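Participant: Starting off with a structure, shown below.
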Amino acid sequence: MSIDRITLTHVRVPLVEPFRISSGQVSCKDGILVAVDSEGVRGYGEASPMAGAFYSADTPESVWKDLTDILIPAVLHHGSSSVAEINKVLKSAGGSPFARAGVETAFWELEGRKTNRPLWNLLGAENKPVASGLAVGIYSSIPKLLDAVGRFMQEGYKRIKIKIQPGWDLGPLEAMRKLYPETPLMVDANCAYTRNDIAHLKKLDTFGLMMIEQPLPKDDLEGHASLQAALQTAVCLDESVEDVGSLEKALALNACKIVNIKIQRVGGLMNAKAIHDRCKEKGIPVWAGTMPELGIGGAQTLHLAMLENFAFPTDVESSARWFTSEIIDPPLQVENGILRVAPGPGNGHRVNPNTVKKWTVRTAEFSLS
Ligand SMILES: [Mg+2]
């Protein structure tokens, strides 16, 4: 099947409230929509870096450049629309994982729409509802944190994740445990600590956390192994696991007991599934994280999270929890802590052209002719 056209649309949607983690703060969500047209069918992917190099060195500008200068020319030149072939092309072309995820997931979507199969079916999963967890950032005070959690928890999320950093950990956790003694609770440090903090991080064992996510720098797998050996709480790796190769190193060192899989961080659904499959073989449960992406990426993540080794609530939440406006219909909506994808081929949701138009920053179109 030939590729007729690839269209990029960079959108910027204002967030409901600014989101702050240990490495910075953002008030808008940037996403680059990748639309692949093939013989009358369109598949949408989403490349979803945060502005200001939030979770990685990638920005909307660098990802746009990877797409326009490297990946789209390579894909058009190759000409195939099969997901397996596209993965080979993307792997040899290079570019950031965000950019590759945008292109790769568009081809899964195209495949789903052409064959009238939902994405969960293409991935080899069973259709099921997905438990959703609330994730909140770092606030300027504990009352503000508790206020935000209280507001969002009205949707019944199945667990709470708070972001931590040195100076913002024990106090917020004590306050959270007082108000939510039974709710499954976890923390995410986004690499904010070092090996020197192991004695301090041992104090987190008293809070009965589900896991502590990415406490140390992403390349410090030995440090994570030392920390995991010292902690009762499970260490979960996020930023460290970029591909199956880095996963193997982490597993060989016993650097974690849980892995967070993000489609964007690992460059697409095929790599995400490969990491899931390897973790399953090794008895390591996984769960599905987000950047967070807009609705296209969010819906894809829900389909991925239907694979059997996804064992904890996902970070995908209601669209309205993050975004003042959503680009897909229907938007994602948590009910009693549960998310369901819309029925139908591909991710099941429709991209809303009016919303996309409203938030468009720039567009570009590519074809061979
Ligand atoms: Mg994380």
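Naming works like this for the structure tokens: A, B, ... for the chains as they're shown, residue 1 at the start of each chain, ligands 1 onward in shown order.
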With ligand 1 as the partner and 9 Å as the cut-off, tabulate the residues of chain A that qualify, each row holding the nearest pair of atoms and their distance in Å to one decimal, using only C-alpha atoms and all ligand atoms, sorted by chain and rising number, as CSV.

Facilitator:
residue,atom,partner,partner_atom_place_in_ligand_line,distance
A:Tyr55,CA,ligand 1,1 (Mg),8.4
A:Lys163,CA,ligand 1,1 (Mg),8.6
A:Val187,CA,ligand 1,1 (Mg),8.8
A:Asp188,CA,ligand 1,1 (Mg),5.6
A:Ala189,CA,ligand 1,1 (Mg),7.2
A:Asn190,CA,ligand 1,1 (Mg),5.6
A:Cys191,CA,ligand 1,1 (Mg),8.8
A:Glu213,CA,ligand 1,1 (Mg),6.0
A:Gln214,CA,ligand 1,1 (Mg),6.4
A:Cys236,CA,ligand 1,1 (Mg),8.7
A:Leu237,CA,ligand 1,1 (Mg),7.9
A:Asp238,CA,ligand 1,1 (Mg),5.3
A:Glu239,CA,ligand 1,1 (Mg),6.8
A:Asn260,CA,ligand 1,1 (Mg),7.3
A:Gly289,CA,ligand 1,1 (Mg),7.0
A:Thr290,CA,ligand 1,1 (Mg),8.1
A:Met291,CA,ligand 1,1 (Mg),8.4

Participant: Would you list the contacts of Ile164 of chain A as a PyMOL selection string, taking every protein, DNA or RNA residue within 12 Å and counting only C-alpha atoms, but skipping same-chain residues closer than 2 positions in sequence?

Facilitator: chain A and resi 20-23+135-139+145+161-162+166-173+186-193+201+204+212-216

Participant: Just to be explicit: take each residue in the selection above, keep N, CA and C atoms, and write the result as a short mmCIF file (atom, residue, chain, number, x, y, z; two decimals), in the first residue's frame.

Facilitator:
data_model
loop_
_atom_site.label_atom_id
_atom_site.label_comp_id
_atom_site.auth_asym_id
_atom_site.auth_seq_id
_atom_site.Cartn_x
_atom_site.Cartn_y
_atom_site.Cartn_z
N ARG A 20 4.36 21.26 37.36
CA ARG A 20 5.75 21.41 37.78
C ARG A 20 6.29 20.08 38.29
N ILE A 21 7.48 19.68 37.81
CA ILE A 21 8.17 18.50 38.35
C ILE A 21 9.58 18.95 38.72
N SER A 22 10.44 17.98 39.11
CA SER A 22 11.76 18.36 39.63
C SER A 22 12.61 19.08 38.59
N SER A 23 12.31 18.93 37.30
CA SER A 23 13.17 19.54 36.28
C SER A 23 12.59 20.79 35.61
N ALA A 135 -1.97 11.68 38.71
CA ALA A 135 -0.58 12.12 38.90
C ALA A 135 -0.60 13.64 39.08
N VAL A 136 0.01 14.11 40.15
CA VAL A 136 0.08 15.56 40.34
C VAL A 136 1.53 15.99 40.47
N GLY A 137 1.79 17.24 40.14
CA GLY A 137 3.13 17.78 40.14
C GLY A 137 3.55 18.29 41.53
N ILE A 138 4.56 19.13 41.51
CA ILE A 138 5.08 19.74 42.74
C ILE A 138 4.37 21.08 42.93
N TYR A 139 3.91 21.34 44.13
CA TYR A 139 3.18 22.59 44.42
C TYR A 139 4.01 23.47 45.34
N LEU A 145 -1.07 21.37 47.41
CA LEU A 145 -1.02 19.98 46.93
C LEU A 145 -2.31 19.25 47.32
N LYS A 161 -0.28 9.50 42.49
CA LYS A 161 1.18 9.63 42.35
C LYS A 161 1.55 11.08 42.56
N ILE A 162 2.47 11.32 43.48
CA ILE A 162 2.95 12.70 43.63
C ILE A 162 4.41 12.76 43.18
N PRO A 166 14.36 16.55 46.39
CA PRO A 166 14.94 16.85 47.70
C PRO A 166 14.27 18.09 48.29
N GLY A 167 13.80 17.99 49.52
CA GLY A 167 13.09 19.09 50.17
C GLY A 167 11.59 19.04 49.99
N TRP A 168 11.09 18.18 49.08
CA TRP A 168 9.65 18.02 48.86
C TRP A 168 9.37 16.52 48.78
N ASP A 169 9.46 15.85 49.93
CA ASP A 169 9.19 14.41 49.92
C ASP A 169 8.51 13.96 51.22
N LEU A 170 9.22 13.99 52.35
CA LEU A 170 8.64 13.44 53.58
C LEU A 170 7.41 14.24 54.03
N GLY A 171 7.50 15.57 53.99
CA GLY A 171 6.37 16.41 54.43
C GLY A 171 5.11 16.16 53.61
N PRO A 172 5.19 16.28 52.29
CA PRO A 172 4.02 16.00 51.46
C PRO A 172 3.48 14.58 51.68
N LEU A 173 4.38 13.60 51.85
CA LEU A 173 3.91 12.22 52.03
C LEU A 173 3.19 12.04 53.36
N MET A 186 2.04 6.42 45.30
CA MET A 186 3.41 6.25 44.81
C MET A 186 4.05 7.60 44.57
N VAL A 187 5.36 7.59 44.38
CA VAL A 187 6.08 8.85 44.14
C VAL A 187 6.93 8.72 42.89
N ASP A 188 7.19 9.86 42.26
CA ASP A 188 8.05 9.92 41.07
C ASP A 188 9.03 11.07 41.26
N ALA A 189 10.33 10.75 41.21
CA ALA A 189 11.36 11.78 41.45
C ALA A 189 11.96 12.33 40.16
N ASN A 190 11.65 11.71 39.01
CA ASN A 190 12.24 12.18 37.74
C ASN A 190 13.74 12.46 37.87
N CYS A 191 14.47 11.52 38.44
CA CYS A 191 15.95 11.57 38.51
C CYS A 191 16.50 12.60 39.50
N ALA A 192 15.72 13.06 40.46
CA ALA A 192 16.13 14.22 41.26
C ALA A 192 17.11 13.90 42.40
N TYR A 193 17.33 12.62 42.71
CA TYR A 193 18.23 12.27 43.83
C TYR A 193 19.51 11.64 43.29
N LEU A 201 16.31 8.19 51.34
CA LEU A 201 15.21 7.55 50.60
C LEU A 201 14.67 6.31 51.34
N LEU A 204 11.35 6.53 53.03
CA LEU A 204 10.09 6.41 52.27
C LEU A 204 9.42 5.05 52.51
N ILE A 212 8.60 3.60 44.12
CA ILE A 212 9.26 4.89 43.95
C ILE A 212 9.85 4.90 42.54
N GLU A 213 9.39 5.86 41.77
CA GLU A 213 9.71 5.87 40.34
C GLU A 213 10.92 6.76 40.06
N GLN A 214 11.85 6.20 39.34
CA GLN A 214 13.05 6.89 38.82
C GLN A 214 13.65 7.87 39.83
N PRO A 215 14.14 7.35 40.96
CA PRO A 215 14.73 8.26 41.95
C PRO A 215 16.07 8.85 41.50
N LEU A 216 16.89 8.09 40.78
CA LEU A 216 18.26 8.51 40.47
C LEU A 216 18.41 8.82 38.97
#

Participant: Can you pull out every residue within 7 Å of Asn352 of chain A, counting only C-alpha atoms, but drop anything in the same chain fewer than 5 positions away, and send it as JSON, numbers by chain?

Facilitator: {"A": [327, 328, 329]}

Participant: Per DSSP on the backbone, what are the strand (DSSP E or B) residues of segment 86-319 of chain A, as a ChimeraX atom specification?

Facilitator: /A:118,130-132,134-136,160-163,165,168,185-188,212-213,235-237,258-261,286-288,310,314

Participant: Can you write just those residues out, C-alpha atoms, as a PDB file, in the first residue's frame?

Facilitator:
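That gives us again.pdb:
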ATOM      1  CA  PRO A 118      -8.901  -1.920  16.954  1.00  0.00           C
ATOM      2  CA  VAL A 130      -8.062   0.281  32.264  1.00  0.00           C
ATOM      3  CA  ALA A 131      -7.648   1.540  35.833  1.00  0.00           C
ATOM      4  CA  SER A 132      -6.472   5.141  35.939  1.00  0.00           C
ATOM      5  CA  LEU A 134      -4.006  10.504  39.365  1.00  0.00           C
ATOM      6  CA  ALA A 135      -0.580  12.123  38.899  1.00  0.00           C
ATOM      7  CA  VAL A 136       0.076  15.558  40.343  1.00  0.00           C
ATOM      8  CA  ILE A 160      -2.303   8.763  43.559  1.00  0.00           C
ATOM      9  CA  LYS A 161       1.178   9.631  42.348  1.00  0.00           C
ATOM     10  CA  ILE A 162       2.955  12.696  43.630  1.00  0.00           C
ATOM     11  CA  LYS A 163       6.156  14.137  42.256  1.00  0.00           C
ATOM     12  CA  GLN A 165      12.440  16.127  44.892  1.00  0.00           C
ATOM     13  CA  TRP A 168       9.654  18.022  48.864  1.00  0.00           C
ATOM     14  CA  LEU A 185       0.150   5.927  46.719  1.00  0.00           C
ATOM     15  CA  MET A 186       3.410   6.246  44.806  1.00  0.00           C
ATOM     16  CA  VAL A 187       6.079   8.848  44.143  1.00  0.00           C
ATOM     17  CA  ASP A 188       8.050   9.916  41.072  1.00  0.00           C
ATOM     18  CA  ILE A 212       9.264   4.889  43.954  1.00  0.00           C
ATOM     19  CA  GLU A 213       9.706   5.873  40.339  1.00  0.00           C
ATOM     20  CA  VAL A 235      11.953   0.818  42.584  1.00  0.00           C
ATOM     21  CA  CYS A 236      10.321   1.541  39.215  1.00  0.00           C
ATOM     22  CA  LEU A 237      12.427   2.663  36.259  1.00  0.00           C
ATOM     23  CA  ILE A 258       8.723  -2.504  38.151  1.00  0.00           C
ATOM     24  CA  VAL A 259       9.017  -0.749  34.765  1.00  0.00           C
ATOM     25  CA  ASN A 260       7.035   2.232  33.469  1.00  0.00           C
ATOM     26  CA  ILE A 261       6.515   1.988  29.697  1.00  0.00           C
ATOM     27  CA  VAL A 286       4.859  -2.943  34.087  1.00  0.00           C
ATOM     28  CA  TRP A 287       2.466  -0.032  33.825  1.00  0.00           C
ATOM     29  CA  ALA A 288       1.759   2.618  31.193  1.00  0.00           C
ATOM     30  CA  PHE A 310       0.312  -4.179  32.715  1.00  0.00           C
ATOM     31  CA  THR A 314      -2.013   3.970  34.114  1.00  0.00           C
TER      32      THR A 314
END

Participant: Show which residues sit within 12 Å of Arg265 of chain A, as an NGL selection string. Count only C-alpha atoms, and ignore same-chain residues fewer than 4 positions away.

Facilitator: :A and (47-50 or 55-58 or 96-102 or 238-243 or 260-261 or 269 or 271-272 or 275 or 288-293 or 297)
